[in-house]
Amino acid sequence: MQFTPLNKNGSIKRQREATLVEQRPLKKCSPTPSEIDAANDAIESDSRHFKIASPIRDVLKKCSAIRHCRSKKREDQLRANGKSHCESYPVGTSFPVTPESSPLRRKRGSAYWDSKRIQSTGRLAISSPTSTENAENQSLSQDFADLSLTLSGSIGKRIDFSNRASRTHEIFQIKEILANILRFVSLDSDVPHEKSCSRRRPLSYKHALLIYKDEKKARQAWHECTESTTSNSELKREGKEDSLLYNCLFVNRLWHSVTLGVLLKKVYFKHPQHYSKFIDKYSGDCNQIVSRPSIFVLHKFHKLLQNDLDKMATILAPDNISWLELYICPNVIPPFSWISRLKSLERLIMPGSKVINDNFLFEISANASKLKILDLRACDNITDAGVIAIALKCPQLQSCNLGRHRNGTNITSVSVIALAEHTQIETLGVAGCEITDAGIWELAQQRGKHIKRLSLNNCSLLTNHSIPTLFAFNYFPNLSVLEIRNLAHISDLRHLAQFKLWKNSRKIPILIEGCERITKLLHDEEAKIKRMRLVMAMHDMNYWINKVEE
Amino acid sequence: MSQEYRTRSRSRSFSDQAATQEEERPFVNLNMNVNMRPKNQVEVQIGLVGDAQVGKTSLMVKYVQNVFDEEYTQTLGVNFLKRKVSVRSTDIVFSLMDLGGQREFINMLPIASLGSSAIIFLFDLTRAETLSSIKEWFRQAHGLNDTAIPILVGTKYDLFVDLDPDYQEQMSRTSMEYAQVMDAPLIFCSTAKSINVQKIFKVALAKIFSLTLTIQEINEVGDPLLIYKTLGTAKRDQDKTDNIKNSNTNVTTESRRKSPTYTQ
């Protein structure tokens with residue numbers, strides 16, 4: 001299959017369309033702000049280029065004139081076939097006047113397909129009854145030949161492709177097919193999200209050395225850690241990822257409308273400018289709901305105010321939202337009118353919010369019974385009450401992160417027990433919370449088999465009676481990530497080391513993140529166990545070779 | 001001599017390997033005392049080389065599957081079999097690489113010798129010329145891997161005992177000299193009558209890990225010789241520890257675990 005012609009034509013058309021379409025569609029997923037200027041410059045240069053190459057305009061006029069003549073010819077042919085309804089079909093005249101910038105529109109679209117169908121039926125009708133079958137076969141095969149994705153010369157002639165720019169295949173003129181294609185493209189585009197790191201950063205160079213066991217790697221890791229968080233290369237890469245669908249907006253009107261529909265299914269913003277542009281464009285006219293998106297994501301809008309977000313409620317309907325993310329938007333909560341309508345919500349991600357509190361969780365939990373993933377890191381105002389409400393109303397909850405650095409006293413074992421008893425919890429983050437051994441024991445007994453990730457960093461109340469003892473009885477057989485940094489009262493890591501070795505021997509990856517002290521203890525225990533096993537192995541071998549057999 | 005050339009293809013050999021690997025220990029529920037005890041696994045690779053038709057494949061098959069087949073099957077390339085011996089809390093896994101004795105397979109010698117912790121040199125007790133070609137085998141294999149323990153094994157002892165006593169004495173003396181020069185334990189064995197087969201591998205393991213073996217030596221000419229105490233240790237005394245650490249024997253460990261029982 002060759003899609004290359006599309007690309008070529010697409011880019012040419014885009015150049016033209018970009019200058020002619022008066023109101024440019026909103027640039028939603030454009031690159032970083034710094035690059036917007038660059039893009040504007042590019043557009044200017046495009047228009048300059050267009051002025052220089054203005055003879056193209058004349059060529060296009062000629063082309064459309066030629067096509068008009070040909071369509072007349074076809075009309076005549078149809079008339080010659082003697083079918084009355086062909087006459088009633090106004091082939092060349094009734095098409096809406098399209099800008100000459102997109103001459104191919106004249107022939108394409110549903111109207112054209114109607115004409116094709118009529119043509120084929122006409123052919124059928126005039127053929128004599130004896131040869132009906134043949135004729136049918138022939139016409140069918142001819143019709144389907146048009147659908148082949150490669151553009152052969154003969155087809156080009158048949159469909160009257162007179163001008164190079166208009167040789168986009170018809171398959172890209174059918175709305176449904178185009179929508180499908182673009183939907184697949186949209187699967188590729190990345191919704192902005194927090195980059196998941198494979199390992200947490202080391203706390204010191206010594207710690208890095210313990211983790212990586214290799215000076216070079218350790219130095220590199222520690223270096224990365226001390227450097228600033230974001231590098232320029234990352235920013236640039238981000239900008240380019242999203243341009244796929246954005247470019248499709250400028251192919252032609254059909255593409256524009258279809259692409260816009262697809263884009264509005266996933267509404268996400270990384271830059272305040274884009275957000276305010278979007279608001280300006282849609283909130284101005286007639287206050288109608290533009291879309292029912294399934295994803296609504298705002299990424300790092302530190303200064304966004306509640307008023308601005310509430311405007312969104314007049315544009316988007318929340319009924320289909322399954323993924324609602326306000327990542328580090330400290331001053332806002334979702335619009336009030338949305339809260340009771342978030343029935344299909346599965347993923348609620350609001351880390352770093354200063355304003356959400358238990359009341360918000362009460363409201364949300366009342367309706368969002370399908371909630372699976374809840375991320376409330378650093379939401380300091382959330383307490384046990386809110387978590388219990390969620391636990392009781394969202395039985396499908398799988399992942400819950402309540403980690404925090406402040407107000408750790410607000411979350412206690414009560415939350416953990418509620419989640420363990422009433423939900424399908426698999427991933428639990430309670431870093432920095434005041435949970436006790438009892439809470440962990442309850443979790444182990446209720447959900448131990450299913451727990452996959454557990455983050456207990458800075459839980460200062462935990463002692464050797466929880467994690468170390470539980471691992472001795474293998475209560476968490478499927479655990480793959482365990483974070484136990486800065487747990488001052490934990491010192492007995494023998495069973496944890498044993499668990500790690502057991503997982504390693506079965507080639508199941510396991511990650512245990514500890515602070516410097518705990519990592520060192522773990523290493524020592526591992527070495528001790530290995531040594532002991534080696535001695536035992538030698539002992540056993542000695543026994544075997546001297547055993548009398550045969 | 002009627003020889004049946006049956007193709008023992010490498011694919012067959014490797015399917016055998018796969019079969020043994022699949023014997024992973026299931027996740028068993030045992031009581032706590034047992035499940036916390038670690039299960040160690042010691043892997044030892046041993047290469048078998050020597051002239052054609054001395055009985056390398058026979059020895060390997062006999063040791064791994066305890067089967068002896070009179071029929072001759074020519075080894076094409078390298079055969080590979082694994083045997084796992086479970087001793088208390090340790091699994092000893094012998095990976096045996098058996099190289100075809102024909103000269104054309106000499107280019108595959110690295111497969112059998114590199115990575116092996118011990119190389120068994122086999123000769124036919126009833127054919128003196130197979131013993132003298134041990135020189136060449138040893139030179140080649142030792143050149144490729146001089147850390148591997150050499151072990152000199154005379155096969156077909158059951159046929160050897162019926163031969164002329166003078167020949168027996170001469171053969172025994174010569175092989176002892178060879179063993180001295182190679183610094184290799186010397187063992188006479190019979191695959192058909194199961195004489196000294198197990199002991200070859202016990203000696204190999206003892207030498208690899210420098211363990212003390214207490215099995216009685218057999219020194220009398222005419223008996224199935226088993227001489228190992230003073231051999232195969234001289235050079236390795238200084239790098240004994242290296243041998244254990246680096247000589248491609250991995251001690252991996254595995255412990256049995258139980259899944260928790262739930263009580264509401």
# chains A, B, ... in the order shown; residues from 1 in each chain; ligands from 1
>>> residues_around(residues="Leu96 (chain B)", least_positions_apart="4", cutoff="10 Å", atoms="only C-alpha atoms", output="PDB file with all heavy atoms, in the first residue's frame")
ATOM      1  N   VAL B  44      27.582 -27.598  36.765  1.00  0.00           N
ATOM      2  CA  VAL B  44      28.937 -27.978  36.362  1.00  0.00           C
ATOM      3  C   VAL B  44      28.886 -28.453  34.920  1.00  0.00           C
ATOM      4  O   VAL B  44      28.073 -29.303  34.570  1.00  0.00           O
ATOM      5  CB  VAL B  44      29.476 -29.114  37.250  1.00  0.00           C
ATOM      6  CG1 VAL B  44      30.900 -29.445  36.864  1.00  0.00           C
ATOM      7  CG2 VAL B  44      29.393 -28.736  38.705  1.00  0.00           C
ATOM      8  N   GLN B  45      29.747 -27.864  34.103  1.00  0.00           N
ATOM      9  CA  GLN B  45      29.798 -28.327  32.719  1.00  0.00           C
ATOM     10  C   GLN B  45      31.035 -29.198  32.516  1.00  0.00           C
ATOM     11  O   GLN B  45      32.134 -28.833  32.931  1.00  0.00           O
ATOM     12  CB  GLN B  45      29.836 -27.133  31.770  1.00  0.00           C
ATOM     13  CG  GLN B  45      29.703 -27.556  30.324  1.00  0.00           C
ATOM     14  CD  GLN B  45      29.888 -26.404  29.376  1.00  0.00           C
ATOM     15  OE1 GLN B  45      29.342 -25.323  29.609  1.00  0.00           O
ATOM     16  NE2 GLN B  45      30.651 -26.615  28.323  1.00  0.00           N
ATOM     17  N   ILE B  46      30.813 -30.337  31.912  1.00  0.00           N
ATOM     18  CA  ILE B  46      31.913 -31.277  31.703  1.00  0.00           C
ATOM     19  C   ILE B  46      31.950 -31.672  30.230  1.00  0.00           C
ATOM     20  O   ILE B  46      30.916 -31.992  29.637  1.00  0.00           O
ATOM     21  CB  ILE B  46      31.726 -32.528  32.592  1.00  0.00           C
ATOM     22  CG1 ILE B  46      31.802 -32.122  34.069  1.00  0.00           C
ATOM     23  CG2 ILE B  46      32.780 -33.584  32.279  1.00  0.00           C
ATOM     24  CD1 ILE B  46      31.548 -33.243  35.028  1.00  0.00           C
ATOM     25  N   GLY B  47      33.130 -31.626  29.631  1.00  0.00           N
ATOM     26  CA  GLY B  47      33.271 -32.015  28.232  1.00  0.00           C
ATOM     27  C   GLY B  47      33.831 -33.427  28.129  1.00  0.00           C
ATOM     28  O   GLY B  47      34.610 -33.859  28.972  1.00  0.00           O
ATOM     29  N   LEU B  48      33.413 -34.165  27.127  1.00  0.00           N
ATOM     30  CA  LEU B  48      33.938 -35.508  26.880  1.00  0.00           C
ATOM     31  C   LEU B  48      34.595 -35.535  25.509  1.00  0.00           C
ATOM     32  O   LEU B  48      33.941 -35.260  24.503  1.00  0.00           O
ATOM     33  CB  LEU B  48      32.816 -36.550  26.929  1.00  0.00           C
ATOM     34  CG  LEU B  48      32.163 -36.839  28.293  1.00  0.00           C
ATOM     35  CD1 LEU B  48      30.912 -36.016  28.442  1.00  0.00           C
ATOM     36  CD2 LEU B  48      31.856 -38.309  28.433  1.00  0.00           C
ATOM     37  N   THR B  57      29.659 -41.165  23.974  1.00  0.00           N
ATOM     38  CA  THR B  57      28.209 -41.012  24.031  1.00  0.00           C
ATOM     39  C   THR B  57      27.587 -42.080  24.926  1.00  0.00           C
ATOM     40  O   THR B  57      26.669 -41.798  25.695  1.00  0.00           O
ATOM     41  CB  THR B  57      27.623 -41.095  22.612  1.00  0.00           C
ATOM     42  OG1 THR B  57      28.318 -40.179  21.777  1.00  0.00           O
ATOM     43  CG2 THR B  57      26.159 -40.751  22.610  1.00  0.00           C
ATOM     44  N   MET B  60      27.977 -41.052  28.499  1.00  0.00           N
ATOM     45  CA  MET B  60      27.085 -39.942  28.837  1.00  0.00           C
ATOM     46  C   MET B  60      25.654 -40.437  28.990  1.00  0.00           C
ATOM     47  O   MET B  60      24.970 -40.126  29.974  1.00  0.00           O
ATOM     48  CB  MET B  60      27.165 -38.871  27.747  1.00  0.00           C
ATOM     49  CG  MET B  60      26.271 -37.688  28.003  1.00  0.00           C
ATOM     50  SD  MET B  60      26.558 -36.390  26.815  1.00  0.00           S
ATOM     51  CE  MET B  60      25.639 -36.977  25.427  1.00  0.00           C
ATOM     52  N   VAL B  61      25.207 -41.229  28.012  1.00  0.00           N
ATOM     53  CA  VAL B  61      23.833 -41.720  28.043  1.00  0.00           C
ATOM     54  C   VAL B  61      23.632 -42.637  29.231  1.00  0.00           C
ATOM     55  O   VAL B  61      22.609 -42.601  29.912  1.00  0.00           O
ATOM     56  CB  VAL B  61      23.495 -42.429  26.716  1.00  0.00           C
ATOM     57  CG1 VAL B  61      22.155 -43.128  26.807  1.00  0.00           C
ATOM     58  CG2 VAL B  61      23.484 -41.421  25.580  1.00  0.00           C
ATOM     59  N   TYR B  63      25.210 -42.495  32.055  1.00  0.00           N
ATOM     60  CA  TYR B  63      25.180 -41.739  33.297  1.00  0.00           C
ATOM     61  C   TYR B  63      23.874 -40.957  33.440  1.00  0.00           C
ATOM     62  O   TYR B  63      23.317 -40.873  34.522  1.00  0.00           O
ATOM     63  CB  TYR B  63      26.369 -40.770  33.361  1.00  0.00           C
ATOM     64  CG  TYR B  63      26.421 -40.028  34.665  1.00  0.00           C
ATOM     65  CD1 TYR B  63      26.627 -40.727  35.858  1.00  0.00           C
ATOM     66  CD2 TYR B  63      26.224 -38.655  34.726  1.00  0.00           C
ATOM     67  CE1 TYR B  63      26.643 -40.075  37.058  1.00  0.00           C
ATOM     68  CE2 TYR B  63      26.240 -37.991  35.939  1.00  0.00           C
ATOM     69  CZ  TYR B  63      26.451 -38.709  37.102  1.00  0.00           C
ATOM     70  OH  TYR B  63      26.452 -38.068  38.294  1.00  0.00           O
ATOM     71  N   VAL B  64      23.408 -40.396  32.341  1.00  0.00           N
ATOM     72  CA  VAL B  64      22.226 -39.541  32.442  1.00  0.00           C
ATOM     73  C   VAL B  64      20.945 -40.368  32.462  1.00  0.00           C
ATOM     74  O   VAL B  64      20.045 -40.129  33.253  1.00  0.00           O
ATOM     75  CB  VAL B  64      22.198 -38.522  31.280  1.00  0.00           C
ATOM     76  CG1 VAL B  64      20.906 -37.739  31.286  1.00  0.00           C
ATOM     77  CG2 VAL B  64      23.377 -37.584  31.385  1.00  0.00           C
ATOM     78  N   VAL B  78      28.248 -32.115  18.344  1.00  0.00           N
ATOM     79  CA  VAL B  78      28.285 -32.192  19.795  1.00  0.00           C
ATOM     80  C   VAL B  78      26.921 -32.627  20.324  1.00  0.00           C
ATOM     81  O   VAL B  78      25.892 -32.122  19.886  1.00  0.00           O
ATOM     82  CB  VAL B  78      28.654 -30.814  20.408  1.00  0.00           C
ATOM     83  CG1 VAL B  78      28.640 -30.891  21.919  1.00  0.00           C
ATOM     84  CG2 VAL B  78      30.015 -30.354  19.925  1.00  0.00           C
ATOM     85  N   ASN B  79      26.943 -33.578  21.237  1.00  0.00           N
ATOM     86  CA  ASN B  79      25.722 -33.943  21.959  1.00  0.00           C
ATOM     87  C   ASN B  79      25.720 -33.257  23.312  1.00  0.00           C
ATOM     88  O   ASN B  79      26.778 -33.015  23.886  1.00  0.00           O
ATOM     89  CB  ASN B  79      25.669 -35.446  22.181  1.00  0.00           C
ATOM     90  CG  ASN B  79      25.077 -36.166  21.004  1.00  0.00           C
ATOM     91  OD1 ASN B  79      24.389 -35.558  20.193  1.00  0.00           O
ATOM     92  ND2 ASN B  79      25.367 -37.450  20.908  1.00  0.00           N
ATOM     93  N   PHE B  80      24.518 -33.021  23.789  1.00  0.00           N
ATOM     94  CA  PHE B  80      24.428 -32.301  25.058  1.00  0.00           C
ATOM     95  C   PHE B  80      23.336 -32.929  25.910  1.00  0.00           C
ATOM     96  O   PHE B  80      22.209 -33.101  25.462  1.00  0.00           O
ATOM     97  CB  PHE B  80      24.085 -30.837  24.764  1.00  0.00           C
ATOM     98  CG  PHE B  80      23.924 -30.003  25.985  1.00  0.00           C
ATOM     99  CD1 PHE B  80      25.013 -29.464  26.621  1.00  0.00           C
ATOM    100  CD2 PHE B  80      22.663 -29.753  26.510  1.00  0.00           C
ATOM    101  CE1 PHE B  80      24.866 -28.695  27.756  1.00  0.00           C
ATOM    102  CE2 PHE B  80      22.513 -28.985  27.642  1.00  0.00           C
ATOM    103  CZ  PHE B  80      23.619 -28.455  28.260  1.00  0.00           C
ATOM    104  N   LEU B  81      23.681 -33.301  27.115  1.00  0.00           N
ATOM    105  CA  LEU B  81      22.671 -33.819  28.038  1.00  0.00           C
ATOM    106  C   LEU B  81      22.909 -33.228  29.420  1.00  0.00           C
ATOM    107  O   LEU B  81      24.022 -32.833  29.752  1.00  0.00           O
ATOM    108  CB  LEU B  81      22.762 -35.345  28.132  1.00  0.00           C
ATOM    109  CG  LEU B  81      22.157 -36.172  26.995  1.00  0.00           C
ATOM    110  CD1 LEU B  81      22.373 -37.653  27.272  1.00  0.00           C
ATOM    111  CD2 LEU B  81      20.687 -35.885  26.829  1.00  0.00           C
ATOM    112  N   LYS B  82      21.815 -33.194  30.182  1.00  0.00           N
ATOM    113  CA  LYS B  82      21.923 -32.647  31.539  1.00  0.00           C
ATOM    114  C   LYS B  82      21.450 -33.686  32.524  1.00  0.00           C
ATOM    115  O   LYS B  82      20.480 -34.401  32.261  1.00  0.00           O
ATOM    116  CB  LYS B  82      21.007 -31.417  31.668  1.00  0.00           C
ATOM    117  CG  LYS B  82      21.710 -30.106  31.461  1.00  0.00           C
ATOM    118  CD  LYS B  82      20.768 -28.991  31.817  1.00  0.00           C
ATOM    119  CE  LYS B  82      21.486 -27.657  31.753  1.00  0.00           C
ATOM    120  NZ  LYS B  82      20.622 -26.588  32.219  1.00  0.00           N
ATOM    121  N   ARG B  83      22.113 -33.741  33.621  1.00  0.00           N
ATOM    122  CA  ARG B  83      21.595 -34.602  34.678  1.00  0.00           C
ATOM    123  C   ARG B  83      21.576 -33.800  35.966  1.00  0.00           C
ATOM    124  O   ARG B  83      22.551 -33.136  36.328  1.00  0.00           O
ATOM    125  CB  ARG B  83      22.492 -35.830  34.847  1.00  0.00           C
ATOM    126  CG  ARG B  83      22.306 -36.467  36.194  1.00  0.00           C
ATOM    127  CD  ARG B  83      22.467 -37.942  36.217  1.00  0.00           C
ATOM    128  NE  ARG B  83      22.055 -38.415  37.535  1.00  0.00           N
ATOM    129  CZ  ARG B  83      22.339 -39.600  37.996  1.00  0.00           C
ATOM    130  NH1 ARG B  83      23.005 -40.444  37.229  1.00  0.00           N
ATOM    131  NH2 ARG B  83      21.954 -39.963  39.194  1.00  0.00           N
ATOM    132  N   ALA B 112      33.025 -28.015  23.369  1.00  0.00           N
ATOM    133  CA  ALA B 112      33.106 -28.981  24.459  1.00  0.00           C
ATOM    134  C   ALA B 112      34.071 -28.542  25.549  1.00  0.00           C
ATOM    135  O   ALA B 112      33.903 -28.901  26.703  1.00  0.00           O
ATOM    136  CB  ALA B 112      33.517 -30.349  23.916  1.00  0.00           C
ATOM    137  N   SER B 116      33.917 -25.500  30.148  1.00  0.00           N
ATOM    138  CA  SER B 116      33.821 -26.725  30.943  1.00  0.00           C
ATOM    139  C   SER B 116      34.733 -26.614  32.159  1.00  0.00           C
ATOM    140  O   SER B 116      35.827 -26.071  32.071  1.00  0.00           O
ATOM    141  CB  SER B 116      34.235 -27.943  30.105  1.00  0.00           C
ATOM    142  OG  SER B 116      33.280 -28.188  29.115  1.00  0.00           O
ATOM    143  N   ALA B 118      35.549 -29.367  33.821  1.00  0.00           N
ATOM    144  CA  ALA B 118      36.386 -30.562  33.758  1.00  0.00           C
ATOM    145  C   ALA B 118      36.249 -31.135  32.362  1.00  0.00           C
ATOM    146  O   ALA B 118      35.196 -31.014  31.740  1.00  0.00           O
ATOM    147  CB  ALA B 118      35.944 -31.587  34.790  1.00  0.00           C
ATOM    148  N   ILE B 119      37.341 -31.724  31.859  1.00  0.00           N
ATOM    149  CA  ILE B 119      37.273 -32.367  30.556  1.00  0.00           C
ATOM    150  C   ILE B 119      37.685 -33.830  30.743  1.00  0.00           C
ATOM    151  O   ILE B 119      38.755 -34.121  31.296  1.00  0.00           O
ATOM    152  CB  ILE B 119      38.206 -31.684  29.540  1.00  0.00           C
ATOM    153  CG1 ILE B 119      37.789 -30.205  29.376  1.00  0.00           C
ATOM    154  CG2 ILE B 119      38.146 -32.399  28.196  1.00  0.00           C
ATOM    155  CD1 ILE B 119      38.747 -29.415  28.516  1.00  0.00           C
TER     156      ILE B 119
END
>>> residues_around(residues="Glu176 (chain A)", least_positions_apart="6", cutoff="12 Å", atoms="only C-alpha atoms", output="PyMOL selection string")
chain A and resi 109-110+182-183+254-255+257-259+261-262
>>> interface_residues(of="chain A", to="chain B", cutoff="7 Å", atoms="only C-alpha atoms", output="PDB file with C-alpha atoms, in the first residue's frame")
ATOM      1  CA  GLN A 445      -4.168 -10.409  55.198  1.00  0.00           C
ATOM      2  CA  PHE A 473       5.651 -15.578  55.961  1.00  0.00           C
ATOM      3  CA  ASN A 474       5.661 -14.506  52.331  1.00  0.00           C
ATOM      4  CA  TYR A 475       2.484 -12.494  52.603  1.00  0.00           C
ATOM      5  CA  PRO A 477       4.191 -13.123  46.932  1.00  0.00           C
ATOM      6  CA  TRP A 502      13.938 -16.003  45.667  1.00  0.00           C
ATOM      7  CA  SER A 505      16.197 -17.026  41.132  1.00  0.00           C
ATOM      8  CA  ARG A 533      24.134 -21.180  50.836  1.00  0.00           C
ATOM      9  CA  ALA A 537      26.118 -26.441  48.809  1.00  0.00           C
ATOM     10  CA  ASP A 540      25.940 -31.272  50.333  1.00  0.00           C
ATOM     11  CA  ASN A 542      30.808 -33.453  49.899  1.00  0.00           C
ATOM     12  CA  TRP A 544      27.081 -36.838  47.848  1.00  0.00           C
ATOM     13  CA  ILE A 545      30.496 -37.720  46.479  1.00  0.00           C
ATOM     14  CA  ASN A 546      31.308 -39.828  49.505  1.00  0.00           C
TER      15      ASN A 546
END
>>> residues_around(residues="Phe269 (chain A)", least_positions_apart="5", cutoff="9 Å", atoms="only C-alpha atoms", output="PyMOL selection string")
chain A and resi 28-29+191-192+274-275+296-299+301
>>> residues_around(residues="Ser460 (chain A)", least_positions_apart="5", cutoff="10 Å", atoms="only C-alpha atoms", output="MDAnalysis selection string")
chainID A and resid 408 431:436 485:490
>>> select_by_dssp(residues="region 46-209 of chain B", states="alpha helix (DSSP H)", output="PyMOL selection string")
chain B and resi 56-65+109-113+128-132+134-144+157-160+165-182+197-208
>>> residues_around(residues="Leu428 (chain A)", least_positions_apart="4", cutoff="6 Å", atoms="only C-alpha atoms", output="list in words")
Ser399, Cys400, Asn401 and Leu454 of chain A
>>> write_last_selection(atoms="N, CA, C and O atoms", output="mmCIF file, in the first residue's frame")
data_model
loop_
_atom_site.group_PDB
_atom_site.id
_atom_site.type_symbol
_atom_site.label_atom_id
_atom_site.label_comp_id
_atom_site.auth_asym_id
_atom_site.auth_seq_id
_atom_site.Cartn_x
_atom_site.Cartn_y
_atom_site.Cartn_z
ATOM 1 N N SER A 399 -5.558 1.324 42.308
ATOM 2 C CA SER A 399 -4.333 2.030 42.627
ATOM 3 C C SER A 399 -4.687 3.301 43.382
ATOM 4 O O SER A 399 -5.571 4.045 42.977
ATOM 5 N N CYS A 400 -4.020 3.519 44.472
ATOM 6 C CA CYS A 400 -4.322 4.699 45.275
ATOM 7 C C CYS A 400 -3.017 5.228 45.839
ATOM 8 O O CYS A 400 -2.257 4.488 46.451
ATOM 9 N N ASN A 401 -2.760 6.491 45.581
ATOM 10 C CA ASN A 401 -1.527 7.066 46.094
ATOM 11 C C ASN A 401 -1.841 8.274 46.959
ATOM 12 O O ASN A 401 -2.418 9.251 46.498
ATOM 13 N N LEU A 454 4.074 -1.139 46.574
ATOM 14 C CA LEU A 454 3.810 -0.625 47.907
ATOM 15 C C LEU A 454 4.856 0.436 48.208
ATOM 16 O O LEU A 454 6.056 0.186 48.096
#
>>> closest_residue(among="A:Ile315, A:Cys515, A:Ile467, A:Val416", to="Trp338 (chain A)", atoms="only C-alpha atoms")
A:Ile315
>>> closest_residue(among="A:Lys175, A:Arg517, A:Arg494, A:Lys372", to="Ala391 (chain A)", atoms="only C-alpha atoms")
A:Lys372
>>> atom_distance(atom1="CA of Val221 (chain B)", atom2="CA of Arg173 (chain B)")
8.1 Å
>>> residues_around(residues="Pro150 (chain B)", least_positions_apart="2", cutoff="10 Å", atoms="only C-alpha atoms", output="JSON, numbers by chain")
{"B": [46, 47, 117, 118, 119, 120, 121, 138, 141, 142, 146, 147, 148, 152, 153, 179, 182, 183, 184, 185, 186, 204, 207, 231, 232]}
>>> atom_distance(atom1="CA of Val535 (chain A)", atom2="CA of Leu522 (chain A)")
20.0 Å
